[in-house]
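Colleague: My structure is stored as start37.txt, with compact mmCIF, N, CA and C atoms.
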```txt
# COMPACT_ATOMS: atom_id res chain seq x y z
N MET A 12 9.71 60.62 22.73
CA MET A 12 9.48 59.42 21.95
C MET A 12 10.75 59.15 21.14
N PHE A 13 11.15 57.89 21.14
CA PHE A 13 12.28 57.43 20.34
C PHE A 13 11.72 56.44 19.34
N SER A 14 12.09 56.56 18.08
CA SER A 14 11.59 55.62 17.09
C SER A 14 12.71 55.18 16.16
N ARG A 15 12.55 53.94 15.69
CA ARG A 15 13.51 53.35 14.76
C ARG A 15 12.91 52.08 14.19
N PHE A 16 13.12 51.86 12.90
CA PHE A 16 12.66 50.64 12.24
C PHE A 16 11.17 50.38 12.45
N ALA A 17 10.34 51.41 12.32
CA ALA A 17 8.88 51.30 12.45
C ALA A 17 8.45 50.85 13.84
N MET A 18 9.27 51.12 14.84
CA MET A 18 8.91 50.85 16.23
C MET A 18 9.22 52.10 17.05
N PHE A 19 8.56 52.22 18.20
CA PHE A 19 8.82 53.39 19.03
C PHE A 19 8.78 53.02 20.51
N LEU A 20 9.46 53.85 21.27
CA LEU A 20 9.44 53.79 22.73
C LEU A 20 9.07 55.19 23.18
N GLU A 21 8.01 55.29 23.97
CA GLU A 21 7.60 56.59 24.49
C GLU A 21 7.68 56.55 26.01
N ILE A 22 8.38 57.53 26.54
CA ILE A 22 8.51 57.68 27.99
C ILE A 22 7.94 59.04 28.34
N SER A 23 7.01 59.06 29.28
CA SER A 23 6.39 60.32 29.67
C SER A 23 6.06 60.29 31.15
N TYR A 24 5.68 61.44 31.66
CA TYR A 24 5.20 61.50 33.05
C TYR A 24 4.04 62.47 33.13
N GLU A 25 3.25 62.28 34.15
CA GLU A 25 2.02 63.05 34.32
C GLU A 25 2.26 64.23 35.27
N LEU A 26 2.16 65.43 34.74
CA LEU A 26 2.40 66.62 35.55
C LEU A 26 1.43 66.75 36.72
N GLU A 27 0.21 66.28 36.50
CA GLU A 27 -0.80 66.43 37.56
C GLU A 27 -0.52 65.56 38.78
N THR A 28 0.46 64.67 38.70
CA THR A 28 0.78 63.82 39.85
C THR A 28 1.89 64.44 40.72
N ALA A 29 2.31 65.67 40.40
CA ALA A 29 3.36 66.35 41.16
C ALA A 29 2.95 66.48 42.62
N PRO A 30 3.84 66.40 43.55
CA PRO A 30 5.29 66.30 43.39
C PRO A 30 5.78 64.84 43.30
N ASP A 31 4.89 63.90 43.26
CA ASP A 31 5.26 62.48 43.18
C ASP A 31 4.89 61.99 41.78
N TYR A 32 5.71 62.34 40.80
CA TYR A 32 5.40 62.10 39.39
C TYR A 32 5.28 60.61 39.06
N ALA A 33 4.33 60.27 38.18
CA ALA A 33 4.15 58.88 37.72
C ALA A 33 4.73 58.78 36.31
N LEU A 34 5.65 57.86 36.12
CA LEU A 34 6.32 57.65 34.84
C LEU A 34 5.55 56.60 34.04
N SER A 35 5.40 56.84 32.75
CA SER A 35 4.70 55.93 31.85
C SER A 35 5.64 55.58 30.70
N MET A 36 5.68 54.29 30.34
CA MET A 36 6.53 53.84 29.24
C MET A 36 5.77 52.84 28.39
N VAL A 37 5.78 53.05 27.07
CA VAL A 37 5.14 52.12 26.15
C VAL A 37 6.09 51.79 25.00
N LEU A 38 5.92 50.60 24.46
CA LEU A 38 6.68 50.14 23.31
C LEU A 38 5.68 49.78 22.23
N GLY A 39 5.88 50.28 21.01
CA GLY A 39 4.89 50.05 19.97
C GLY A 39 5.44 50.00 18.57
N THR A 40 4.52 49.79 17.64
CA THR A 40 4.86 49.74 16.22
C THR A 40 4.21 50.92 15.51
N GLY A 41 4.77 51.29 14.38
CA GLY A 41 4.23 52.42 13.64
C GLY A 41 4.79 53.73 14.13
N LYS A 42 3.98 54.78 13.99
CA LYS A 42 4.45 56.12 14.34
C LYS A 42 3.65 56.78 15.45
N LYS A 43 2.56 56.15 15.89
CA LYS A 43 1.76 56.77 16.94
C LYS A 43 1.16 55.71 17.84
N LYS A 44 0.68 56.17 19.02
CA LYS A 44 0.19 55.24 20.03
C LYS A 44 -1.13 54.56 19.66
N TYR A 45 -1.95 55.23 18.86
CA TYR A 45 -3.28 54.69 18.54
C TYR A 45 -3.50 54.70 17.03
N ASP A 46 -4.21 53.69 16.55
CA ASP A 46 -4.56 53.66 15.13
C ASP A 46 -5.79 54.53 14.88
N GLU A 47 -6.26 54.56 13.64
CA GLU A 47 -7.41 55.40 13.28
C GLU A 47 -8.67 55.03 14.05
N GLY A 48 -8.79 53.77 14.47
CA GLY A 48 -9.96 53.32 15.22
C GLY A 48 -9.85 53.55 16.71
N GLY A 49 -8.74 54.14 17.16
CA GLY A 49 -8.55 54.41 18.58
C GLY A 49 -7.97 53.23 19.35
N HIS A 50 -7.51 52.20 18.65
CA HIS A 50 -6.92 51.02 19.29
C HIS A 50 -5.42 51.24 19.49
N PRO A 51 -4.88 50.78 20.62
CA PRO A 51 -3.46 51.00 20.85
C PRO A 51 -2.58 50.22 19.87
N CYS A 52 -1.51 50.87 19.47
CA CYS A 52 -0.48 50.26 18.62
C CYS A 52 0.76 50.01 19.47
N CYS A 53 0.55 49.91 20.79
CA CYS A 53 1.66 49.77 21.72
C CYS A 53 1.20 48.99 22.95
N VAL A 54 2.17 48.65 23.77
CA VAL A 54 1.88 48.00 25.05
C VAL A 54 2.68 48.72 26.13
N PRO A 55 2.12 48.83 27.32
CA PRO A 55 2.90 49.39 28.42
C PRO A 55 4.05 48.43 28.76
N TYR A 56 5.15 48.99 29.17
CA TYR A 56 6.33 48.17 29.43
C TYR A 56 6.03 47.05 30.43
N TRP A 57 5.21 47.34 31.45
CA TRP A 57 4.96 46.35 32.50
C TRP A 57 4.28 45.11 31.94
N TYR A 58 3.54 45.25 30.86
CA TYR A 58 2.85 44.11 30.27
C TYR A 58 3.83 43.09 29.68
N LEU A 59 5.01 43.54 29.32
CA LEU A 59 6.00 42.67 28.70
C LEU A 59 6.89 41.96 29.73
N LEU A 60 6.75 42.32 30.98
CA LEU A 60 7.56 41.72 32.04
C LEU A 60 6.96 40.40 32.51
N PRO A 61 7.77 39.54 33.11
CA PRO A 61 7.22 38.30 33.70
C PRO A 61 6.15 38.64 34.74
N ARG A 62 5.15 37.80 34.81
CA ARG A 62 4.01 38.08 35.69
C ARG A 62 4.35 38.11 37.17
N ASP A 63 5.49 37.55 37.57
CA ASP A 63 5.85 37.56 38.99
C ASP A 63 6.55 38.86 39.41
N ARG A 64 6.84 39.75 38.48
CA ARG A 64 7.46 41.02 38.81
C ARG A 64 6.39 42.00 39.29
N PRO A 65 6.66 42.76 40.36
CA PRO A 65 5.65 43.71 40.85
C PRO A 65 5.21 44.71 39.79
N GLU A 66 6.13 45.09 38.90
CA GLU A 66 5.79 46.06 37.86
C GLU A 66 4.75 45.51 36.90
N HIS A 67 4.67 44.18 36.77
CA HIS A 67 3.70 43.59 35.84
C HIS A 67 2.26 43.89 36.26
N ARG A 68 2.06 44.13 37.51
CA ARG A 68 0.72 44.43 38.01
C ARG A 68 0.32 45.88 37.70
N GLY A 69 1.17 46.58 36.97
CA GLY A 69 0.83 47.95 36.58
C GLY A 69 1.12 48.97 37.66
N GLU A 70 1.94 48.59 38.63
CA GLU A 70 2.28 49.54 39.68
C GLU A 70 3.04 50.71 39.06
N SER A 71 2.73 51.89 39.52
CA SER A 71 3.36 53.09 38.97
C SER A 71 4.82 53.19 39.39
N ILE A 72 5.58 53.75 38.49
CA ILE A 72 6.96 54.10 38.80
C ILE A 72 6.93 55.58 39.13
N ARG A 73 7.38 55.92 40.30
CA ARG A 73 7.27 57.30 40.76
C ARG A 73 8.64 57.91 41.02
N PHE A 74 8.72 59.22 40.83
CA PHE A 74 9.95 59.96 41.13
C PHE A 74 9.57 61.37 41.56
N LYS A 75 10.49 62.00 42.30
CA LYS A 75 10.23 63.35 42.80
C LYS A 75 11.19 64.39 42.22
N THR A 76 12.41 63.98 41.95
CA THR A 76 13.42 64.94 41.51
C THR A 76 14.02 64.51 40.17
N GLU A 77 14.75 65.43 39.57
CA GLU A 77 15.43 65.12 38.32
C GLU A 77 16.45 64.00 38.52
N ALA A 78 17.13 64.01 39.66
CA ALA A 78 18.10 62.94 39.96
C ALA A 78 17.40 61.59 40.08
N ASP A 79 16.20 61.56 40.70
CA ASP A 79 15.42 60.32 40.79
C ASP A 79 15.06 59.82 39.39
N LEU A 80 14.65 60.75 38.52
CA LEU A 80 14.27 60.38 37.16
C LEU A 80 15.47 59.80 36.41
N GLU A 81 16.61 60.44 36.52
CA GLU A 81 17.81 59.93 35.85
C GLU A 81 18.15 58.52 36.32
N ALA A 82 18.06 58.28 37.63
CA ALA A 82 18.34 56.95 38.17
C ALA A 82 17.32 55.93 37.66
N LEU A 83 16.05 56.33 37.60
CA LEU A 83 15.01 55.43 37.09
C LEU A 83 15.24 55.06 35.62
N LEU A 84 15.67 56.02 34.82
CA LEU A 84 15.90 55.75 33.41
C LEU A 84 17.07 54.78 33.20
N VAL A 85 18.08 54.88 34.03
CA VAL A 85 19.21 53.94 33.95
C VAL A 85 18.72 52.54 34.35
N GLN A 86 17.93 52.45 35.42
CA GLN A 86 17.38 51.16 35.83
C GLN A 86 16.47 50.59 34.75
N PHE A 87 15.66 51.44 34.14
CA PHE A 87 14.76 51.02 33.08
C PHE A 87 15.55 50.44 31.91
N ARG A 88 16.63 51.11 31.54
CA ARG A 88 17.48 50.62 30.46
C ARG A 88 18.02 49.23 30.78
N ASP A 89 18.54 49.08 31.98
CA ASP A 89 19.19 47.83 32.35
C ASP A 89 18.21 46.69 32.66
N ARG A 90 17.08 47.02 33.28
CA ARG A 90 16.14 45.99 33.73
C ARG A 90 15.00 45.70 32.77
N PHE A 91 14.77 46.60 31.80
CA PHE A 91 13.68 46.38 30.85
C PHE A 91 14.15 46.41 29.39
N LEU A 92 14.77 47.50 29.00
CA LEU A 92 15.12 47.64 27.58
C LEU A 92 16.02 46.51 27.09
N LYS A 93 17.10 46.26 27.79
CA LYS A 93 18.04 45.23 27.32
C LYS A 93 17.44 43.83 27.34
N PRO A 94 16.86 43.38 28.46
CA PRO A 94 16.38 41.99 28.47
C PRO A 94 15.02 41.76 27.81
N TYR A 95 14.12 42.75 27.81
CA TYR A 95 12.75 42.50 27.34
C TYR A 95 12.40 43.23 26.04
N ALA A 96 12.81 44.47 25.90
CA ALA A 96 12.43 45.23 24.70
C ALA A 96 13.33 44.91 23.51
N LYS A 97 14.61 44.75 23.74
CA LYS A 97 15.53 44.51 22.63
C LYS A 97 15.15 43.28 21.80
N PRO A 98 14.78 42.15 22.41
CA PRO A 98 14.36 41.01 21.58
C PRO A 98 13.15 41.32 20.71
N LEU A 99 12.28 42.21 21.18
CA LEU A 99 11.10 42.58 20.39
C LEU A 99 11.49 43.51 19.24
N TRP A 100 12.52 44.32 19.43
CA TRP A 100 13.02 45.15 18.33
C TRP A 100 13.60 44.28 17.23
N LEU A 101 14.23 43.18 17.65
CA LEU A 101 14.88 42.31 16.68
C LEU A 101 13.87 41.43 15.93
N GLU A 102 12.72 41.19 16.55
CA GLU A 102 11.66 40.39 15.92
C GLU A 102 10.34 41.14 16.08
N GLN A 103 10.07 42.04 15.16
CA GLN A 103 8.90 42.91 15.27
C GLN A 103 7.60 42.13 15.34
N ASP A 104 7.53 40.96 14.72
CA ASP A 104 6.29 40.18 14.77
C ASP A 104 5.96 39.77 16.19
N ARG A 105 6.96 39.56 17.04
CA ARG A 105 6.71 39.25 18.45
C ARG A 105 6.05 40.43 19.16
N LEU A 106 6.52 41.64 18.86
CA LEU A 106 5.92 42.84 19.45
C LEU A 106 4.49 43.00 18.95
N GLU A 107 4.27 42.79 17.66
CA GLU A 107 2.91 42.90 17.12
C GLU A 107 1.97 41.89 17.76
N ARG A 108 2.44 40.67 18.00
CA ARG A 108 1.61 39.66 18.69
C ARG A 108 1.31 40.10 20.11
N ALA A 109 2.30 40.66 20.81
CA ALA A 109 2.08 41.14 22.18
C ALA A 109 1.02 42.24 22.20
N ILE A 110 1.04 43.12 21.21
CA ILE A 110 0.04 44.19 21.14
C ILE A 110 -1.35 43.61 20.92
N VAL A 111 -1.47 42.63 20.03
CA VAL A 111 -2.77 41.99 19.76
C VAL A 111 -3.30 41.32 21.04
N ILE A 112 -2.44 40.62 21.75
CA ILE A 112 -2.85 39.94 22.98
C ILE A 112 -3.23 40.97 24.04
N PHE A 113 -2.48 42.06 24.15
CA PHE A 113 -2.81 43.12 25.10
C PHE A 113 -4.19 43.71 24.80
N ARG A 114 -4.43 44.01 23.51
CA ARG A 114 -5.74 44.55 23.13
C ARG A 114 -6.87 43.61 23.52
N ALA A 115 -6.68 42.32 23.27
CA ALA A 115 -7.72 41.34 23.58
C ALA A 115 -7.94 41.23 25.09
N GLU A 116 -6.84 41.17 25.82
CA GLU A 116 -6.93 41.02 27.28
C GLU A 116 -7.60 42.20 27.96
N PHE A 117 -7.36 43.40 27.44
CA PHE A 117 -7.91 44.59 28.07
C PHE A 117 -9.04 45.22 27.27
N SER A 118 -9.54 44.50 26.28
CA SER A 118 -10.67 44.94 25.45
C SER A 118 -10.49 46.36 24.94
N CYS A 119 -9.36 46.60 24.31
CA CYS A 119 -9.12 47.96 23.80
C CYS A 119 -8.71 47.93 22.35
```
Let me see whether you can do it: turn the structure in this file into structure tokens.

Modeller:
Amino acid sequence: MFSRFAMFLEISYELETAPDYALSMVLGTGKKKYDEGGHPCCVPYWYLLPRDRPEHRGESIRFKTEADLEALLVQFRDRFLKPYAKPLWLEQDRLERAIVIFRAEFSC
């Protein structure tokens, strides 16, 4: 987890999906993924992408080796962090609105 200015980015993977690991990435506000009521304080990265991108449908990002993971993280930086996450870091209220809309859309 990386955090700054009351926002965080968490990147993780699920060990139980070995050897074809599934990568998970969320962007949120505060210090943790869920508030006291169990509601998310974050959104998955795919939710912030344009709806015509395949990743927006929640398709998993998979990797098998450390080299695959390193390549995925570079792509993630260039294709998501810079164009989509950075504007939300600069205007936290936009991220907070995205989280509210995500909660409503997915009833969480």

Colleague: Within 8 Å of (6.7, 60.2, 15.1), only N, CA and C atoms: residues as a list in words?

Modeller: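 I get Met12, Phe13, Ser14, Gly41, Lys42 and Lys43 of chain A for the residues within 8 Å of that point.
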
Colleague: Given the selection you just returned, output its residues as a file containing N, CA and C atoms, formatted as a compact mmCIF listing (two decimals), in the coordinates of the input.

Modeller:
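Contents of part_13.txt, freshly written:
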```txt
# COMPACT_ATOMS: atom_id res chain seq x y z
N MET A 12 9.71 60.62 22.73
CA MET A 12 9.48 59.42 21.95
C MET A 12 10.75 59.15 21.14
N PHE A 13 11.15 57.89 21.14
CA PHE A 13 12.28 57.43 20.34
C PHE A 13 11.72 56.44 19.34
N SER A 14 12.09 56.56 18.08
CA SER A 14 11.59 55.62 17.09
C SER A 14 12.71 55.18 16.16
N GLY A 41 4.77 51.29 14.38
CA GLY A 41 4.23 52.42 13.64
C GLY A 41 4.79 53.73 14.13
N LYS A 42 3.98 54.78 13.99
CA LYS A 42 4.45 56.12 14.34
C LYS A 42 3.65 56.78 15.45
N LYS A 43 2.56 56.15 15.89
CA LYS A 43 1.76 56.77 16.94
C LYS A 43 1.16 55.71 17.84
```

Colleague: Which one is closest to Leu38 in chain A: A:Tyr95, A:Cys53, A:Ala109, A:Glu25? Count only N, CA and C atoms.

Modeller: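 Using only N, CA and C atoms, Leu38 in chain A sits closest to A:Cys53.
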
Colleague: Looking at A:Arg64, A:Gly48, A:Pro94, A:Asp31, which one is nearest to Thr76 in chain A, with distances taken over all atoms listed in the file?

Modeller: A:Asp31

Colleague: Mind pulling up the distance from CA of Cys119 in chain A to atom N of Leu60 in chain A?

Modeller: 18.3 Å

Colleague: In terms of the shortest atom-to-atom distance over only C-alpha atoms, which of A:Tyr56, A:Arg114, A:Thr40, A:Gln103 is closest to Phe87 in chain A?

Modeller: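 Nearest candidate to Phe87 in chain A out of A:Tyr56, A:Arg114, A:Thr40, A:Gln103: A:Tyr56.
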
Colleague: Please list, as a PDB file with N, CA and C atoms, in the coordinates of the input, the residues that have an atom at most 12 Å away from (7.7, 44.7, 26.9) in the coordinates of this file, counting only C-alpha atoms.

Modeller:
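out07.pdb, freshly written:
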```pdb
ATOM      1  N   PHE A  19       8.560  52.220  18.200  1.00  0.00           N
ATOM      2  CA  PHE A  19       8.820  53.390  19.030  1.00  0.00           C
ATOM      3  C   PHE A  19       8.780  53.020  20.510  1.00  0.00           C
ATOM      4  N   LEU A  20       9.460  53.850  21.270  1.00  0.00           N
ATOM      5  CA  LEU A  20       9.440  53.790  22.730  1.00  0.00           C
ATOM      6  C   LEU A  20       9.070  55.190  23.180  1.00  0.00           C
ATOM      7  N   MET A  36       5.680  54.290  30.340  1.00  0.00           N
ATOM      8  CA  MET A  36       6.530  53.840  29.240  1.00  0.00           C
ATOM      9  C   MET A  36       5.770  52.840  28.390  1.00  0.00           C
ATOM     10  N   VAL A  37       5.780  53.050  27.070  1.00  0.00           N
ATOM     11  CA  VAL A  37       5.140  52.120  26.150  1.00  0.00           C
ATOM     12  C   VAL A  37       6.090  51.790  25.000  1.00  0.00           C
ATOM     13  N   LEU A  38       5.920  50.600  24.460  1.00  0.00           N
ATOM     14  CA  LEU A  38       6.680  50.140  23.310  1.00  0.00           C
ATOM     15  C   LEU A  38       5.680  49.780  22.230  1.00  0.00           C
ATOM     16  N   GLY A  39       5.880  50.280  21.010  1.00  0.00           N
ATOM     17  CA  GLY A  39       4.890  50.050  19.970  1.00  0.00           C
ATOM     18  C   GLY A  39       5.440  50.000  18.570  1.00  0.00           C
ATOM     19  N   CYS A  53       0.550  49.910  20.790  1.00  0.00           N
ATOM     20  CA  CYS A  53       1.660  49.770  21.720  1.00  0.00           C
ATOM     21  C   CYS A  53       1.200  48.990  22.950  1.00  0.00           C
ATOM     22  N   VAL A  54       2.170  48.650  23.770  1.00  0.00           N
ATOM     23  CA  VAL A  54       1.880  48.000  25.050  1.00  0.00           C
ATOM     24  C   VAL A  54       2.680  48.720  26.130  1.00  0.00           C
ATOM     25  N   PRO A  55       2.120  48.830  27.320  1.00  0.00           N
ATOM     26  CA  PRO A  55       2.900  49.390  28.420  1.00  0.00           C
ATOM     27  C   PRO A  55       4.050  48.430  28.760  1.00  0.00           C
ATOM     28  N   TYR A  56       5.150  48.990  29.170  1.00  0.00           N
ATOM     29  CA  TYR A  56       6.330  48.170  29.430  1.00  0.00           C
ATOM     30  C   TYR A  56       6.030  47.050  30.430  1.00  0.00           C
ATOM     31  N   TRP A  57       5.210  47.340  31.450  1.00  0.00           N
ATOM     32  CA  TRP A  57       4.960  46.350  32.500  1.00  0.00           C
ATOM     33  C   TRP A  57       4.280  45.110  31.940  1.00  0.00           C
ATOM     34  N   TYR A  58       3.540  45.250  30.860  1.00  0.00           N
ATOM     35  CA  TYR A  58       2.850  44.110  30.270  1.00  0.00           C
ATOM     36  C   TYR A  58       3.830  43.090  29.680  1.00  0.00           C
ATOM     37  N   LEU A  59       5.010  43.540  29.320  1.00  0.00           N
ATOM     38  CA  LEU A  59       6.000  42.670  28.700  1.00  0.00           C
ATOM     39  C   LEU A  59       6.890  41.960  29.730  1.00  0.00           C
ATOM     40  N   LEU A  60       6.750  42.320  30.980  1.00  0.00           N
ATOM     41  CA  LEU A  60       7.560  41.720  32.040  1.00  0.00           C
ATOM     42  C   LEU A  60       6.960  40.400  32.510  1.00  0.00           C
ATOM     43  N   PRO A  61       7.770  39.540  33.110  1.00  0.00           N
ATOM     44  CA  PRO A  61       7.220  38.300  33.700  1.00  0.00           C
ATOM     45  C   PRO A  61       6.150  38.640  34.740  1.00  0.00           C
ATOM     46  N   ARG A  62       5.150  37.800  34.810  1.00  0.00           N
ATOM     47  CA  ARG A  62       4.010  38.080  35.690  1.00  0.00           C
ATOM     48  C   ARG A  62       4.350  38.110  37.170  1.00  0.00           C
ATOM     49  N   GLU A  66       6.130  45.090  38.900  1.00  0.00           N
ATOM     50  CA  GLU A  66       5.790  46.060  37.860  1.00  0.00           C
ATOM     51  C   GLU A  66       4.750  45.510  36.900  1.00  0.00           C
ATOM     52  N   HIS A  67       4.670  44.180  36.770  1.00  0.00           N
ATOM     53  CA  HIS A  67       3.700  43.590  35.840  1.00  0.00           C
ATOM     54  C   HIS A  67       2.260  43.890  36.260  1.00  0.00           C
ATOM     55  N   PHE A  87      15.660  51.440  34.140  1.00  0.00           N
ATOM     56  CA  PHE A  87      14.760  51.020  33.080  1.00  0.00           C
ATOM     57  C   PHE A  87      15.550  50.440  31.910  1.00  0.00           C
ATOM     58  N   ARG A  88      16.630  51.110  31.540  1.00  0.00           N
ATOM     59  CA  ARG A  88      17.480  50.620  30.460  1.00  0.00           C
ATOM     60  C   ARG A  88      18.020  49.230  30.780  1.00  0.00           C
ATOM     61  N   ARG A  90      17.080  47.020  33.280  1.00  0.00           N
ATOM     62  CA  ARG A  90      16.140  45.990  33.730  1.00  0.00           C
ATOM     63  C   ARG A  90      15.000  45.700  32.770  1.00  0.00           C
ATOM     64  N   PHE A  91      14.770  46.600  31.800  1.00  0.00           N
ATOM     65  CA  PHE A  91      13.680  46.380  30.850  1.00  0.00           C
ATOM     66  C   PHE A  91      14.150  46.410  29.390  1.00  0.00           C
ATOM     67  N   LEU A  92      14.770  47.500  29.000  1.00  0.00           N
ATOM     68  CA  LEU A  92      15.120  47.640  27.580  1.00  0.00           C
ATOM     69  C   LEU A  92      16.020  46.510  27.090  1.00  0.00           C
ATOM     70  N   LYS A  93      17.100  46.260  27.790  1.00  0.00           N
ATOM     71  CA  LYS A  93      18.040  45.230  27.320  1.00  0.00           C
ATOM     72  C   LYS A  93      17.440  43.830  27.340  1.00  0.00           C
ATOM     73  N   PRO A  94      16.860  43.380  28.460  1.00  0.00           N
ATOM     74  CA  PRO A  94      16.380  41.990  28.470  1.00  0.00           C
ATOM     75  C   PRO A  94      15.020  41.760  27.810  1.00  0.00           C
ATOM     76  N   TYR A  95      14.120  42.750  27.810  1.00  0.00           N
ATOM     77  CA  TYR A  95      12.750  42.500  27.340  1.00  0.00           C
ATOM     78  C   TYR A  95      12.400  43.230  26.040  1.00  0.00           C
ATOM     79  N   ALA A  96      12.810  44.470  25.900  1.00  0.00           N
ATOM     80  CA  ALA A  96      12.430  45.230  24.700  1.00  0.00           C
ATOM     81  C   ALA A  96      13.330  44.910  23.510  1.00  0.00           C
ATOM     82  N   LYS A  97      14.610  44.750  23.740  1.00  0.00           N
ATOM     83  CA  LYS A  97      15.530  44.510  22.630  1.00  0.00           C
ATOM     84  C   LYS A  97      15.150  43.280  21.800  1.00  0.00           C
ATOM     85  N   PRO A  98      14.780  42.150  22.410  1.00  0.00           N
ATOM     86  CA  PRO A  98      14.360  41.010  21.580  1.00  0.00           C
ATOM     87  C   PRO A  98      13.150  41.320  20.710  1.00  0.00           C
ATOM     88  N   LEU A  99      12.280  42.210  21.180  1.00  0.00           N
ATOM     89  CA  LEU A  99      11.100  42.580  20.390  1.00  0.00           C
ATOM     90  C   LEU A  99      11.490  43.510  19.240  1.00  0.00           C
ATOM     91  N   TRP A 100      12.520  44.320  19.430  1.00  0.00           N
ATOM     92  CA  TRP A 100      13.020  45.150  18.330  1.00  0.00           C
ATOM     93  C   TRP A 100      13.600  44.280  17.230  1.00  0.00           C
ATOM     94  N   GLN A 103      10.070  42.040  15.160  1.00  0.00           N
ATOM     95  CA  GLN A 103       8.900  42.910  15.270  1.00  0.00           C
ATOM     96  C   GLN A 103       7.600  42.130  15.340  1.00  0.00           C
ATOM     97  N   ARG A 105       6.960  39.560  17.040  1.00  0.00           N
ATOM     98  CA  ARG A 105       6.710  39.250  18.450  1.00  0.00           C
ATOM     99  C   ARG A 105       6.050  40.430  19.160  1.00  0.00           C
ATOM    100  N   LEU A 106       6.520  41.640  18.860  1.00  0.00           N
ATOM    101  CA  LEU A 106       5.920  42.840  19.450  1.00  0.00           C
ATOM    102  C   LEU A 106       4.490  43.000  18.950  1.00  0.00           C
ATOM    103  N   GLU A 107       4.270  42.790  17.660  1.00  0.00           N
ATOM    104  CA  GLU A 107       2.910  42.900  17.120  1.00  0.00           C
ATOM    105  C   GLU A 107       1.970  41.890  17.760  1.00  0.00           C
ATOM    106  N   ARG A 108       2.440  40.670  18.000  1.00  0.00           N
ATOM    107  CA  ARG A 108       1.610  39.660  18.690  1.00  0.00           C
ATOM    108  C   ARG A 108       1.310  40.100  20.110  1.00  0.00           C
ATOM    109  N   ALA A 109       2.300  40.660  20.810  1.00  0.00           N
ATOM    110  CA  ALA A 109       2.080  41.140  22.180  1.00  0.00           C
ATOM    111  C   ALA A 109       1.020  42.240  22.200  1.00  0.00           C
ATOM    112  N   ILE A 110       1.040  43.120  21.210  1.00  0.00           N
ATOM    113  CA  ILE A 110       0.040  44.190  21.140  1.00  0.00           C
ATOM    114  C   ILE A 110      -1.350  43.610  20.920  1.00  0.00           C
ATOM    115  N   PHE A 113      -2.480  42.060  24.150  1.00  0.00           N
ATOM    116  CA  PHE A 113      -2.810  43.120  25.100  1.00  0.00           C
ATOM    117  C   PHE A 113      -4.190  43.710  24.800  1.00  0.00           C
TER     118      PHE A 113
END
```

Colleague: Enumerate the residues of range 53-95 of chain A with a DSSP assignment of alpha helix (DSSP H), computed from the backbone, and present them as a ChimeraX atom specification.

Modeller: /A:77-87

Colleague: Between A:Phe74, A:Cys52, A:Phe16, A:Glu81, which has the minimum distance to Ala29 in chain A (counting only N, CA and C atoms)?

Modeller: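 Smallest distance to Ala29 in chain A is found for A:Phe74.
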
Colleague: So the first atom is atom C of Lys75 in chain A and the second is atom N of Pro30 in chain A; what is the distance between them in Å, to one decimal place?

Modeller: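 Interatomic distance, atom C of Lys75 in chain A to atom N of Pro30 in chain A: 7.7 Å.
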
Colleague: For CA of Leu80 in chain A and CA of Glu21 in chain A, determine how far apart the two atoms are, in Å to one decimal place.

Modeller: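 Separation between CA of Leu80 in chain A and CA of Glu21 in chain A: 14.8 Å.
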
Colleague: Looking at only C-alpha atoms, which of A:Asp79, A:Asp63, A:Glu116, A:Asp104 is the one that sits closest to Ala33 in chain A?

Modeller: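 Using only C-alpha atoms, Ala33 in chain A sits closest to A:Asp79.
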
Colleague: Could you pull out the strand (DSSP E or B) residues of chain A, going by DSSP on the backbone, and write them as a VMD selection string?

Modeller: chain A and resid 13 to 15 18 to 25 32 to 40 45 51 53 to 55 72 to 74

Colleague: Measuring atom to atom with only C-alpha atoms, identify which of A:Glu27, A:Asp46, A:Pro51, A:Tyr32 is nearest to Val111 in chain A.

Modeller: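 With only C-alpha atoms as the atom set, the closest residue is A:Pro51.
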
Colleague: Copy range 38-63 of chain A out of the block into a file, keeping C-alpha atoms, as a compact mmCIF listing (two decimals), in the first residue's frame.

Modeller:
```
# COMPACT_ATOMS: atom_id res chain seq x y z
CA LEU A 38 -7.48 3.69 -5.12
CA GLY A 39 -9.04 5.20 -2.01
CA THR A 40 -9.24 7.87 0.64
CA GLY A 41 -8.29 7.65 4.28
CA LYS A 42 -6.05 4.98 5.72
CA LYS A 43 -7.91 1.73 5.12
CA LYS A 44 -10.06 -0.02 2.53
CA TYR A 45 -13.25 -0.14 4.62
CA ASP A 46 -14.90 2.21 7.07
CA GLU A 47 -16.30 1.17 10.46
CA GLY A 48 -19.57 0.10 8.79
CA GLY A 49 -17.78 -2.20 6.36
CA HIS A 50 -18.31 0.11 3.36
CA PRO A 51 -15.44 0.54 0.91
CA CYS A 52 -13.38 3.72 1.08
CA CYS A 53 -11.87 2.87 -2.29
CA VAL A 54 -12.65 1.86 -5.84
CA PRO A 55 -11.02 -0.81 -7.98
CA TYR A 56 -8.85 0.71 -10.67
CA TRP A 57 -10.98 -0.77 -13.46
CA TYR A 58 -13.99 1.22 -12.26
CA LEU A 59 -12.18 4.48 -13.03
CA LEU A 60 -11.40 3.51 -16.63
CA PRO A 61 -13.58 4.38 -19.63
CA ARG A 62 -16.37 1.86 -20.07
CA ASP A 63 -15.11 0.77 -23.50
```
